[in-house]
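Shown next, in structure tokens, is the structure this report addresses.
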Amino acid sequence: MLLAIKMGNSTLCIAKFNNPLEENFSIIYETVTEKLSLRSLNKVFFKHKGMDCIICSVVPAFTQKFIEKYNSIFRKILIINSKLNTGLKLKVKNKEKFGSDRLACCVAAYEIWKENLAIIDAGTATTITVVTNKGEVLGGSIMPGLRMMRYALHEKTAVLPSIEFDGPVSALGVDTESAIRSGIILGTVYALKGIIKEIEKSTNFKLKTILTGGNAFLLSKYLNFSTHLEPYLVVKGMRLIYLKNIEN
């Protein structure tokens, strides 16, 4: 069995593969970081004592504390980084700074499609990562995520409210709340569309678009271009990276 732990800036997700050779997995723990409970984590980890574990973390402090506290209860621990065998070629500068979550997404997406891909990960940040049909990771773009935009508008202004995203979305907002919703959601949609279009021009590729991340379902309602929704692409990529690097 394999425990896959994804630690982001906003959420923690733990998935279990009863057989890492198979794609099937179950989400056994998922929470926002503000509600993260050490007691709950201990319960999950000790229940799966002796298993193999793979970590995809963009929070170095969490990774370090995890190793210090739980190293002895797992059979093996694999931490995703650019030095591992992923089956892909990182054609970016400063490879060691390339996000482990973006890397795992690329591995899964390439395994599934093996085409020229633009992978949108809509999480704390909204990222675009381009992978070619030859397995080359070319780079991409990073912008603030939906909730980060909402937080910035509310916290850095005197009177703008923190709005909900489940209201109607129209380009022409008729009040403050709908105008903010329009700016954040449609602003992100058209930014994604425009950036991907410019990448296609500069690379001369036609890119298949993949959408994943915590805000993927929300964004998918408003994207006005074709995309494939894969909410747990990171988890799928973690399993594949484990298989490429584990020594039995």
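As shown in the structure tokens, the chain order sets the letters A, B, ...; within each chain, residues go from 1, and ligands are also counted from 1 in the order they appear.
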### Message
Residues within 9 Å of stretch 77-82 of chain A, please, as a list in words. Count only C-alpha atoms; anything in the same chain fewer than 4 positions from it doesn't count.
### Response
Asp52, Cys53, Ile54, Ile55, Cys56, Ser57, Thr63, Ile67, Asn71, Thr86, Leu90, Lys95, Glu96, Lys97, Phe98, Gly99, Ser100, Asp101, Leu103, Ala104, Met238, Ile241, Tyr242, Asn245 and Ile246 of chain A
#### Entry: alpha helix (DSSP H) positions in stretch 56-217 of chain A, given as JSON, numbers by chain
{"A": [60, 61, 62, 63, 64, 65, 66, 67, 68, 69, 70, 100, 101, 102, 103, 104, 105, 106, 107, 108, 109, 110, 111, 112, 113, 146, 147, 148, 149, 150, 151, 152, 153, 154, 155, 176, 177, 178, 179, 180, 181, 187, 188, 189, 190, 191, 192, 193, 194, 195, 196, 197, 198, 199, 200, 201, 202, 203, 216, 217]}
### Message
So that I can check the surroundings of A:Ile180, please list as number ranges by chain every protein, DNA and RNA residue that reaches within 12 Å of it, counting only C-alpha atoms and ignoring chain neighbours fewer than 3 positions away.
### Response
A: 146-147, 149-154, 160-165, 167-177, 183-188
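Atom CA of A:Thr129 sits 11.5 Å away from atom CA of A:Thr212.
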### Task
Do a neighbour search on A:Lys193 at 12 Å with only C-alpha atoms, toss out local chain neighbours closer than 2 positions, and write the hits as a list in words.
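What passes the distance filter is Ala118, Ile120, Ile128, Leu186, Gly187, Thr188, Val189, Tyr190, Ala191, Ile195, Ile196, Lys197, Glu198, Ile199, Glu200, Leu207, Thr209, Tyr222, Leu223, Asn224, Phe225, Ser226 and Thr227 of chain A.
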### Query
In stretch 41-143 of chain A, what's strand (DSSP E) per DSSP? Answer as a ChimeraX atom specification?
/A:52-57,76-79,89-90,117-122,125-131,136-143
### Task
Grab the atom CA of A:Gly8 to atom CA of A:Val59 distance for me, in Å with one decimal place.
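Value for the atom CA of A:Gly8-atom CA of A:Val59 distance: 6.6 Å.
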### Task
In Å, rounded to a single decimal, give me how far atom CA of A:Val234 is from atom CA of A:Tyr110.
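Pair atom CA of A:Tyr110 / atom CA of A:Val234 returns 12.1 Å.
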